[in-house]
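A quick write-up on the structure given underneath.
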Amino acid sequence: MLSLIQTPPSSLNRPSETSAAKAHERTRLFGIEIDPLTMSQAVSRVLDWVKEAPTKCQIVVTPNVDHIVQLQTNSGLQQAYRQAGLVLADGWPVVTAAGWLGKPLPERVPGSDLVPAIFQAAPTRGTGTGEASKLRVFLLGAAPGVADRAASKIHAQWPGVEVVGTYSPPLGFEKSAAECDEILARIDAVQPEVLVLGLGAPKQELWAAKFQDRLTARVALCVGATIDFLAGEKKRAPRWMQSLKLEWLHRMLSEPKRLAKRYWHDACVFPKVVWTEFCQRSAR
């Protein structure tokens, strides 16, 4: 049975530990708190963290419909969201539902657009020795070889970004303490500023939250298939489909065996979540 998260507001996402987390009123929806930021504001926040070096790795999550559905019953994912420094609405249905419920969000901020926007905005910084310092990035996820191809394309398109490490973990790695230690050691060895996690939800969010205190990156972006998109392994929907809010259809037609069942399930459950939220708001 569907059950909405009943987390008290006081225990939800903690304020950032740096001045990069400028005060703003979060939007409470579907049992979580969403940061009502535009893409440019989100990019600025991430780059502020990179510059100011928070004492703990800041996790960025991007909830879409599937995340919202999973969040209703997955306590581990709920905890990961509470630990996140930024919660940015990815899916158009999430943004649309927020407007219907009287809690409008300024725009959709998908992870697959956020990462290129960060790379584009990353300034080349002086080191004090006359040399320029690039944004240091680690790509974790995707199939073997895909992250390396993504790195090559990143270097060609964004000269202010340096991919300092890539790794494609084996299936079931999250259940192996030794494998997780190896991944953390790889990250620590190259000291990236931004960790791009392309492990799929909820695995990437759960892993980032579990090892937040051990991650030496300043920011960890939980962004699903973004590494595949950067490598050209998977194609984004054409702009006209994106403008018509049909990117989900393109994704499903591209991977019907993997996504059709999930999308059908989410399409059945998400309206119930929205209706429950509406009833709860009406009752208050």
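Residue names in the structure tokens use chain letters A, B, ... in the order shown, residue numbers from 1 in each chain, and ligand numbers from 1 in the order shown.
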Long-range neighbours of range 152-164 of chain A as a ChimeraX atom specification, 12 Å cut-off, only C-alpha atoms, 2 positions minimum in chain: /A:115-126,132-140,145-150,166-167,186-196,217,227-233
Any chance you can output those residues with N, CA and C atoms as a tab-separated table (two decimals), in the first residue's frame?
```tsv
chain	number	residue	atom	x	y	z
A	115	VAL	N	24.94	18.96	-15.43
A	115	VAL	CA	26.38	18.68	-15.53
A	115	VAL	C	27.04	19.47	-16.66
A	116	PRO	N	26.50	19.44	-17.90
A	116	PRO	CA	27.10	20.29	-18.94
A	116	PRO	C	27.07	21.78	-18.60
A	117	ALA	N	26.01	22.22	-17.91
A	117	ALA	CA	25.93	23.63	-17.54
A	117	ALA	C	27.03	24.00	-16.54
A	118	ILE	N	27.33	23.09	-15.62
A	118	ILE	CA	28.42	23.32	-14.67
A	118	ILE	C	29.75	23.38	-15.42
A	119	PHE	N	29.96	22.44	-16.34
A	119	PHE	CA	31.20	22.42	-17.11
A	119	PHE	C	31.36	23.71	-17.92
A	120	GLN	N	30.26	24.17	-18.50
A	120	GLN	CA	30.30	25.37	-19.32
A	120	GLN	C	30.63	26.61	-18.49
A	121	ALA	N	30.11	26.63	-17.26
A	121	ALA	CA	30.28	27.81	-16.41
A	121	ALA	C	31.56	27.78	-15.60
A	122	ALA	N	32.21	26.62	-15.55
A	122	ALA	CA	33.41	26.49	-14.71
A	122	ALA	C	34.49	27.46	-15.16
A	123	PRO	N	34.88	28.39	-14.31
A	123	PRO	CA	35.93	29.35	-14.69
A	123	PRO	C	37.31	28.70	-14.56
A	124	THR	N	38.20	29.10	-15.39
A	124	THR	CA	39.60	28.68	-15.26
A	124	THR	C	40.24	29.58	-14.21
A	125	ARG	N	40.73	28.97	-13.16
A	125	ARG	CA	41.21	29.74	-12.01
A	125	ARG	C	42.73	29.81	-11.98
A	126	GLY	N	43.24	30.93	-11.50
A	126	GLY	CA	44.68	31.06	-11.33
A	126	GLY	C	45.15	30.33	-10.09
A	132	ALA	N	46.95	27.97	-14.86
A	132	ALA	CA	45.49	27.93	-14.72
A	132	ALA	C	45.07	26.61	-14.09
A	133	SER	N	44.08	26.67	-13.23
A	133	SER	CA	43.55	25.48	-12.57
A	133	SER	C	42.19	25.14	-13.17
A	134	LYS	N	42.02	23.93	-13.63
A	134	LYS	CA	40.77	23.49	-14.23
A	134	LYS	C	39.88	22.84	-13.18
A	135	LEU	N	38.59	22.74	-13.48
A	135	LEU	CA	37.65	22.04	-12.61
A	135	LEU	C	37.97	20.55	-12.67
A	136	ARG	N	38.28	19.97	-11.54
A	136	ARG	CA	38.69	18.56	-11.47
A	136	ARG	C	37.47	17.67	-11.24
A	137	VAL	N	37.29	16.70	-12.15
A	137	VAL	CA	36.08	15.89	-12.17
A	137	VAL	C	36.43	14.41	-12.20
A	138	PHE	N	35.65	13.61	-11.46
A	138	PHE	CA	35.77	12.15	-11.49
A	138	PHE	C	34.43	11.59	-11.98
A	139	LEU	N	34.48	10.68	-12.95
A	139	LEU	CA	33.28	10.05	-13.50
A	139	LEU	C	33.18	8.62	-12.96
A	140	LEU	N	32.13	8.35	-12.18
A	140	LEU	CA	31.94	7.03	-11.59
A	140	LEU	C	30.63	6.43	-12.11
A	145	GLY	N	34.54	1.50	-20.29
A	145	GLY	CA	34.96	2.26	-21.45
A	145	GLY	C	34.12	3.49	-21.75
A	146	VAL	N	32.89	3.53	-21.26
A	146	VAL	CA	32.00	4.64	-21.56
A	146	VAL	C	32.48	5.93	-20.91
A	147	ALA	N	32.88	5.85	-19.64
A	147	ALA	CA	33.35	7.06	-18.94
A	147	ALA	C	34.62	7.61	-19.58
A	148	ASP	N	35.48	6.73	-20.11
A	148	ASP	CA	36.69	7.20	-20.78
A	148	ASP	C	36.33	7.96	-22.06
A	149	ARG	N	35.34	7.45	-22.80
A	149	ARG	CA	34.89	8.17	-23.99
A	149	ARG	C	34.24	9.50	-23.61
A	150	ALA	N	33.50	9.49	-22.52
A	150	ALA	CA	32.91	10.74	-22.04
A	150	ALA	C	34.00	11.74	-21.68
A	166	THR	N	38.26	8.01	-13.88
A	166	THR	CA	37.02	7.34	-14.29
A	166	THR	C	37.04	5.93	-13.72
A	167	TYR	N	35.85	5.41	-13.48
A	167	TYR	CA	35.78	4.01	-13.02
A	167	TYR	C	34.39	3.46	-13.27
A	186	ARG	N	40.37	5.31	-4.99
A	186	ARG	CA	40.60	5.87	-6.32
A	186	ARG	C	40.23	7.36	-6.35
A	187	ILE	N	39.11	7.68	-5.73
A	187	ILE	CA	38.66	9.08	-5.70
A	187	ILE	C	39.62	9.92	-4.88
A	188	ASP	N	39.99	9.41	-3.72
A	188	ASP	CA	40.87	10.16	-2.83
A	188	ASP	C	42.24	10.41	-3.47
A	189	ALA	N	42.70	9.46	-4.27
A	189	ALA	CA	44.03	9.57	-4.87
A	189	ALA	C	44.15	10.74	-5.84
A	190	VAL	N	43.04	11.11	-6.48
A	190	VAL	CA	43.12	12.18	-7.49
A	190	VAL	C	42.45	13.47	-7.03
A	191	GLN	N	41.80	13.46	-5.86
A	191	GLN	CA	41.24	14.66	-5.25
A	191	GLN	C	40.37	15.48	-6.22
A	192	PRO	N	39.30	14.91	-6.74
A	192	PRO	CA	38.42	15.68	-7.61
A	192	PRO	C	37.61	16.70	-6.81
A	193	GLU	N	37.19	17.73	-7.49
A	193	GLU	CA	36.28	18.69	-6.86
A	193	GLU	C	34.83	18.26	-7.06
A	194	VAL	N	34.55	17.68	-8.21
A	194	VAL	CA	33.19	17.23	-8.53
A	194	VAL	C	33.21	15.75	-8.87
A	195	LEU	N	32.36	14.99	-8.21
A	195	LEU	CA	32.17	13.57	-8.50
A	195	LEU	C	30.84	13.41	-9.23
A	196	VAL	N	30.89	12.88	-10.46
A	196	VAL	CA	29.68	12.63	-11.23
A	196	VAL	C	29.32	11.16	-11.08
A	217	ALA	N	35.64	14.40	-2.64
A	217	ALA	CA	35.14	15.40	-3.59
A	217	ALA	C	34.34	16.44	-2.83
A	227	ILE	N	26.53	10.26	-17.77
A	227	ILE	CA	27.82	9.85	-18.33
A	227	ILE	C	27.61	9.22	-19.71
A	228	ASP	N	26.55	8.41	-19.84
A	228	ASP	CA	26.22	7.81	-21.14
A	228	ASP	C	25.91	8.89	-22.18
A	229	PHE	N	25.18	9.92	-21.76
A	229	PHE	CA	24.85	11.02	-22.69
A	229	PHE	C	26.12	11.77	-23.10
A	230	LEU	N	26.99	12.04	-22.14
A	230	LEU	CA	28.22	12.77	-22.45
A	230	LEU	C	29.11	11.99	-23.41
A	231	ALA	N	29.09	10.67	-23.28
A	231	ALA	CA	29.91	9.82	-24.15
A	231	ALA	C	29.29	9.60	-25.52
A	232	GLY	N	28.00	9.96	-25.66
A	232	GLY	CA	27.30	9.67	-26.90
A	232	GLY	C	26.79	8.25	-26.97
A	233	GLU	N	26.88	7.53	-25.84
A	233	GLU	CA	26.40	6.15	-25.77
A	233	GLU	C	24.89	6.09	-25.88
```
Backbone-only DSSP, alpha helix (DSSP H) members of range 27-271 of chain A, as an NGL selection string: :A and (39-52 or 65-71 or 75-83 or 92-100 or 111-121 or 146-157 or 177-190 or 203-210 or 226-231 or 239-243 or 247-254 or 256-271)
From A:Pro110, A:Trp240, A:Thr62, A:Ala260, residue lying nearest Ala84 in chain A [only C-alpha atoms]: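 Of A:Pro110, A:Trp240, A:Thr62, A:Ala260, the one nearest Ala84 in chain A, counting only C-alpha atoms, is A:Thr62.
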Who sits within 9 Å of Val60 in chain A, only C-alpha atoms, same chain under 3 positions skipped, as a list in words: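 The contact residues come out as Val46, Tyr81, Ala84, Gly85, Leu86, Val87, Leu88, Glu205, Val219, Ala220, Leu221, Cys222 and Val223 of chain A.
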Spatial neighbours of Pro169 in chain A, max dist 10 Å, only C-alpha atoms, sep filter under 3 positions, as a ChimeraX atom specification: /A:140-144,166,172-174,179-180,182-183,199
Every residue of range 88-205 of chain A that DSSP places in strand (DSSP E), as a list in words: Arg125, Gly126, Ala132, Ser133, Leu135, Arg136, Val137, Phe138, Leu139, Leu140, Gly141, Val161, Glu162, Val163, Val164, Gly165, Thr166, Tyr167, Val194, Leu195, Val196, Leu197 and Gly198 of chain A
